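Engineer: One structure is given below, represented as structure tokens, and several questions about it will come after.
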Amino acid sequence: MSKYDRRPLDFTNLKTVGLHERGGKVNTAAFASVYHKGAGITGWLDSLPHILVGDSFRAVVQAVSAARARQRAIIWGMGGHVIKCGLAPVLIDLMHRGYATAFALNGSAAIHDFEIALAGHTSEDVEAVLPDGRFGSAEETGLEMNRAIAGADLEGIGLGEGLGRWLELAAAKNHAWASLVLQAYRNGTPVTVHVAIGTDTPHTHPAADAAAIGTCSHRDFRLLCAYVTDLNDGGVYLNVGSAVVLPEVFLKSVSAVRNLGHTLANFTTVNFDFLQHYRPRMNVVERPHARSGGTGYAITGHHELMVPLLAAALIEKDS
């Protein structure tokens, strides 16, 4: 006998309901279909289940495609890992196809792209060089990026445009094809760079001019706001791999645009990342659409898989 003073409930009189009467949120009509050899990306996309992110991914493809067709903004906000994953060629191709009207980078993304343009490599071994203080001390990166920023400040342009112009004039051309910043500059596609002082390695270089960095990045913030106005009624903002800086920047740009009297409603936002964090969920996926229409999506997966998959789906949709 149990020593407890309560006994298990008797379920004899529990009321049940028929399975067919109850129904369900998932049914076989929404199930995945089998992929057939040779069906290609379109066949793969059609084979996905109409459940959760299967439908979300299709909706994102449709939203980006529709934005281009309607000549609405398609803005890519990106963290450094996207560039380190070697995705610049994919993004450059999407830009040429009209699937990117502007790029917003955090400082890390700009640094990695700058190093790739100059040397064809980036991403130092932090654990190996941090103990003796060599982390972030590459001379060319610090000196030339800061010179580019100082020049941009003198010309009254933003940090992104200044880096693109500097790379266009740089002697090293062997890796120009792999630089998103340089190719966007050549294409006339705006790049804005949004930095937080102290987060980026060039800020420790003797050539760093904090006033120039701040002024140019603030100029880029205002420039991003100008392009955010074009999200209204059908545009798309994609946040890829930035968990803090760009979600905060984007939310402030949304508020500033509306504060200035611009209508900003009925657009699409997407957060691509291999982990879903609080700020992107709130500042990209949810808050921008409060009482204004539009839809936000969260797509979880590694950038080196998800960005090429999205690009392939868009390209196949063209044909």
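Going through the structure tokens in order, the chains are called A, B, and so on, while each chain numbers its residues from 1 and the ligands are numbered from 1 in the order shown.
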Can you list, as a PyMOL selection string, all residues belonging to stretch 201-305 of chain A that DSSP tags as strand (DSSP E or B)?
Structural biologist: chain A and resi 236-240+268-273+295-300
Engineer: I'd like a table as a Markdown table: residues in stretch 70-175 of chain A with an atom no more than 12 Å from stretch 225-232 of chain A, each row giving the shortest atom pair and its distance in Å to one decimal, only C-alpha atoms counted, sorted by chain and rising residue number.
Structural biologist:
```
| residue | atom | partner | partner_atom | distance |
| --- | --- | --- | --- | --- |
| A:Arg70 | CA | A:Leu231 | CA | 11.0 |
| A:Gln71 | CA | A:Asp230 | CA | 9.0 |
| A:Arg72 | CA | A:Asp230 | CA | 6.0 |
| A:Ala73 | CA | A:Leu231 | CA | 5.1 |
| A:Ile74 | CA | A:Leu231 | CA | 7.4 |
| A:Ile75 | CA | A:Val228 | CA | 7.9 |
| A:Trp76 | CA | A:Val228 | CA | 11.0 |
| A:Gly77 | CA | A:Val228 | CA | 11.5 |
| A:Ala100 | CA | A:Tyr227 | CA | 11.6 |
| A:Thr101 | CA | A:Tyr227 | CA | 8.5 |
| A:Ala102 | CA | A:Tyr227 | CA | 7.5 |
| A:Phe103 | CA | A:Tyr227 | CA | 10.0 |
| A:Ala104 | CA | A:Tyr227 | CA | 10.4 |
```
Engineer: Taking C-alpha atoms for each residue, export the selection above as a compact mmCIF listing (two decimals), in the first residue's frame.
Structural biologist:
```
# COMPACT_ATOMS: atom_id res chain seq x y z
CA ARG A 70 7.66 45.45 -58.21
CA GLN A 71 10.96 47.33 -57.93
CA ARG A 72 10.79 47.47 -54.15
CA ALA A 73 13.84 47.44 -51.89
CA ILE A 74 15.69 44.22 -51.13
CA ILE A 75 18.14 45.04 -48.35
CA TRP A 76 20.62 42.48 -47.02
CA GLY A 77 21.94 43.07 -43.50
CA ALA A 100 19.87 43.17 -53.78
CA THR A 101 19.27 46.91 -53.81
CA ALA A 102 21.49 47.65 -50.79
CA PHE A 103 23.78 45.91 -48.31
CA ALA A 104 24.14 46.81 -44.63
```
Engineer: Counting only C-alpha atoms, which residues of stretch 219-309 of chain A sit at most 10 Å from some atom of stretch 141-160 of chain A, and what is each one's closest atom pair with its distance in Å to one decimal, listed by chain and rising residue number, as a Markdown table?
Structural biologist:
```
| residue | atom | partner | partner_atom | distance |
| --- | --- | --- | --- | --- |
| A:Arg219 | CA | A:Gly158 | CA | 5.4 |
| A:Asp220 | CA | A:Gly158 | CA | 5.0 |
| A:Phe221 | CA | A:Gly158 | CA | 8.7 |
| A:Arg222 | CA | A:Gly158 | CA | 9.3 |
| A:Leu223 | CA | A:Gly158 | CA | 8.0 |
```
Engineer: Considering only helix (DSSP H, G or I) as DSSP defines it on the backbone, what residues of stretch 71-315 of chain A qualify? List them as a PyMOL selection string.
Structural biologist: chain A and resi 80-84+88-96+107-119+126-129+139-155+159-169+176-178+180-187+201-204+210-231+245-259+278-289+303-315
Engineer: So which residues touch A:Cys85 within 12 Å, counting only C-alpha atoms, skipping near sequence neighbours fewer than 3 positions away, as a list in words?
Structural biologist: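 These residues fall inside the cut-off: Met78, Gly79, Gly80, His81, Val82, Ala88, Pro89, Val90, Leu91, Ala109, His112, Asp113, Ile116, His121, Thr122, Ser123, Ala178, Val240, Gly241, His302, His303, Glu304, Leu305, Met306, Val307 and Pro308 of chain A.
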Engineer: Using N, CA and C atoms, can you write the selected residues to a file as a compact mmCIF listing (two decimals), in the first residue's frame?
Structural biologist:
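Writing done, so here's result-v7.txt:
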```txt
# COMPACT_ATOMS: atom_id res chain seq x y z
N MET A 78 24.09 42.01 -42.97
CA MET A 78 24.93 40.82 -42.81
C MET A 78 26.01 40.99 -41.76
N GLY A 79 26.22 39.93 -41.00
CA GLY A 79 27.32 39.86 -40.07
C GLY A 79 28.56 39.25 -40.71
N GLY A 80 29.65 39.25 -39.97
CA GLY A 80 30.93 38.82 -40.51
C GLY A 80 30.98 37.38 -40.95
N HIS A 81 30.24 36.50 -40.28
CA HIS A 81 30.33 35.08 -40.60
C HIS A 81 29.85 34.79 -42.02
N VAL A 82 28.93 35.59 -42.52
CA VAL A 82 28.43 35.38 -43.89
C VAL A 82 29.56 35.56 -44.89
N ALA A 88 30.36 35.73 -50.70
CA ALA A 88 30.35 36.95 -51.51
C ALA A 88 30.02 36.69 -52.98
N PRO A 89 30.59 35.66 -53.62
CA PRO A 89 30.23 35.44 -55.03
C PRO A 89 28.74 35.20 -55.25
N VAL A 90 28.10 34.51 -54.31
CA VAL A 90 26.66 34.26 -54.41
C VAL A 90 25.89 35.56 -54.29
N LEU A 91 26.27 36.39 -53.33
CA LEU A 91 25.59 37.66 -53.11
C LEU A 91 25.84 38.64 -54.26
N ALA A 109 31.89 42.24 -40.85
CA ALA A 109 31.70 41.86 -42.25
C ALA A 109 32.56 42.73 -43.17
N HIS A 112 36.35 41.60 -42.86
CA HIS A 112 36.64 40.35 -43.57
C HIS A 112 36.63 40.56 -45.08
N ASP A 113 35.68 41.33 -45.56
CA ASP A 113 35.62 41.59 -47.00
C ASP A 113 36.83 42.40 -47.46
N ILE A 116 39.85 40.11 -47.65
CA ILE A 116 39.74 39.23 -48.82
C ILE A 116 40.13 39.98 -50.08
N HIS A 121 42.55 36.25 -48.24
CA HIS A 121 42.28 35.44 -47.05
C HIS A 121 41.87 36.36 -45.90
N THR A 122 41.28 35.75 -44.87
CA THR A 122 40.84 36.49 -43.69
C THR A 122 40.65 35.52 -42.54
N SER A 123 40.23 36.00 -41.38
CA SER A 123 39.88 35.18 -40.22
C SER A 123 41.12 34.54 -39.60
N ALA A 178 36.12 38.63 -55.49
CA ALA A 178 35.57 38.02 -54.28
C ALA A 178 35.15 39.04 -53.23
N VAL A 240 21.05 38.54 -41.98
CA VAL A 240 21.75 37.27 -42.10
C VAL A 240 22.99 37.30 -41.20
N GLY A 241 22.92 36.61 -40.09
CA GLY A 241 24.11 36.40 -39.28
C GLY A 241 24.54 37.55 -38.40
N HIS A 302 22.64 26.91 -41.30
CA HIS A 302 23.97 27.44 -41.53
C HIS A 302 23.97 28.32 -42.80
N HIS A 303 24.65 29.45 -42.71
CA HIS A 303 24.67 30.40 -43.83
C HIS A 303 25.19 29.76 -45.11
N GLU A 304 26.21 28.94 -44.97
CA GLU A 304 26.84 28.35 -46.16
C GLU A 304 25.91 27.37 -46.88
N LEU A 305 24.80 27.01 -46.24
CA LEU A 305 23.77 26.20 -46.89
C LEU A 305 22.56 27.03 -47.28
N MET A 306 22.08 27.87 -46.37
CA MET A 306 20.81 28.54 -46.59
C MET A 306 20.88 29.65 -47.63
N VAL A 307 21.97 30.43 -47.64
CA VAL A 307 22.07 31.51 -48.62
C VAL A 307 22.16 30.95 -50.04
N PRO A 308 23.04 29.96 -50.31
CA PRO A 308 23.03 29.38 -51.65
C PRO A 308 21.71 28.72 -52.04
```
Engineer: Env of stretch 275-277 of chain A: 8 Å cut, atoms = only C-alpha atoms, seq-sep filter 3 positions within chain, self excluded. Answer as a list in words.
Structural biologist: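 Surrounding residues, per the criterion: Ala243, Pro280, Arg281, Ala298, Thr300 and Gly301 of chain A.
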Engineer: Please provide as a list of chain:residue names all residues within 9 Å of A:Trp177, with the sequence filter that same-chain residues fewer than 2 positions apart are discarded (counting only C-alpha atoms).
Structural biologist: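 Result of the neighbour search: A:Ala88, A:Pro89, A:Ile92, A:Ala117, A:Lys173, A:Asn174, A:His175, A:Ser179, A:Leu180, A:Leu182, A:Gln183.
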Engineer: Could you work out how far atom CA of A:Leu264 lies from atom CA of A:Asp233, giving the answer in Å with one decimal?
Structural biologist: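 Pair atom CA of A:Asp233 / atom CA of A:Leu264 returns 7.3 Å.
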Engineer: I'd like the contact shell of A:Asn266 - 9 Å cut-off, only C-alpha atoms, skipping same-chain residues fewer than 3 positions apart - returned as a list in words.
Structural biologist: Leu231, Asn232, Asp233, Gly234, Gly235, His289, Ser292, Gly293, Gly294 and Thr295 of chain A
Engineer: Excluding stretch 50-61 of chain A and residues on its chain fewer than 6 positions from it, collect all residues at most 8 Å away from it, counting only C-alpha atoms, and give them as number ranges by chain.
Structural biologist: A: 26, 30-32, 270, 297-299, 310, 313-314
Engineer: Between A:Lys84, A:His218, A:Lys317, A:Arg68, which one has atoms that come closest to A:Tyr99, using only C-alpha atoms?
Structural biologist: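 Counting only C-alpha atoms, the residue closest to A:Tyr99 is A:Arg68.
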Engineer: Considering only C-alpha atoms, state which residue in the set A:Ile213, A:Lys15, A:Gly98, A:Ala196 is at the smallest distance from A:Val249.
Structural biologist: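 Once distances to A:Val249 are computed over only C-alpha atoms, the minimum belongs to A:Ala196.
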Engineer: Given the choices A:Leu309, A:Ala63, A:Leu94, A:Ile315, which gets closest to A:Thr189 if the distance is worked out from only C-alpha atoms?
Structural biologist: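 Nearest candidate to A:Thr189 out of A:Leu309, A:Ala63, A:Leu94, A:Ile315: A:Leu94.
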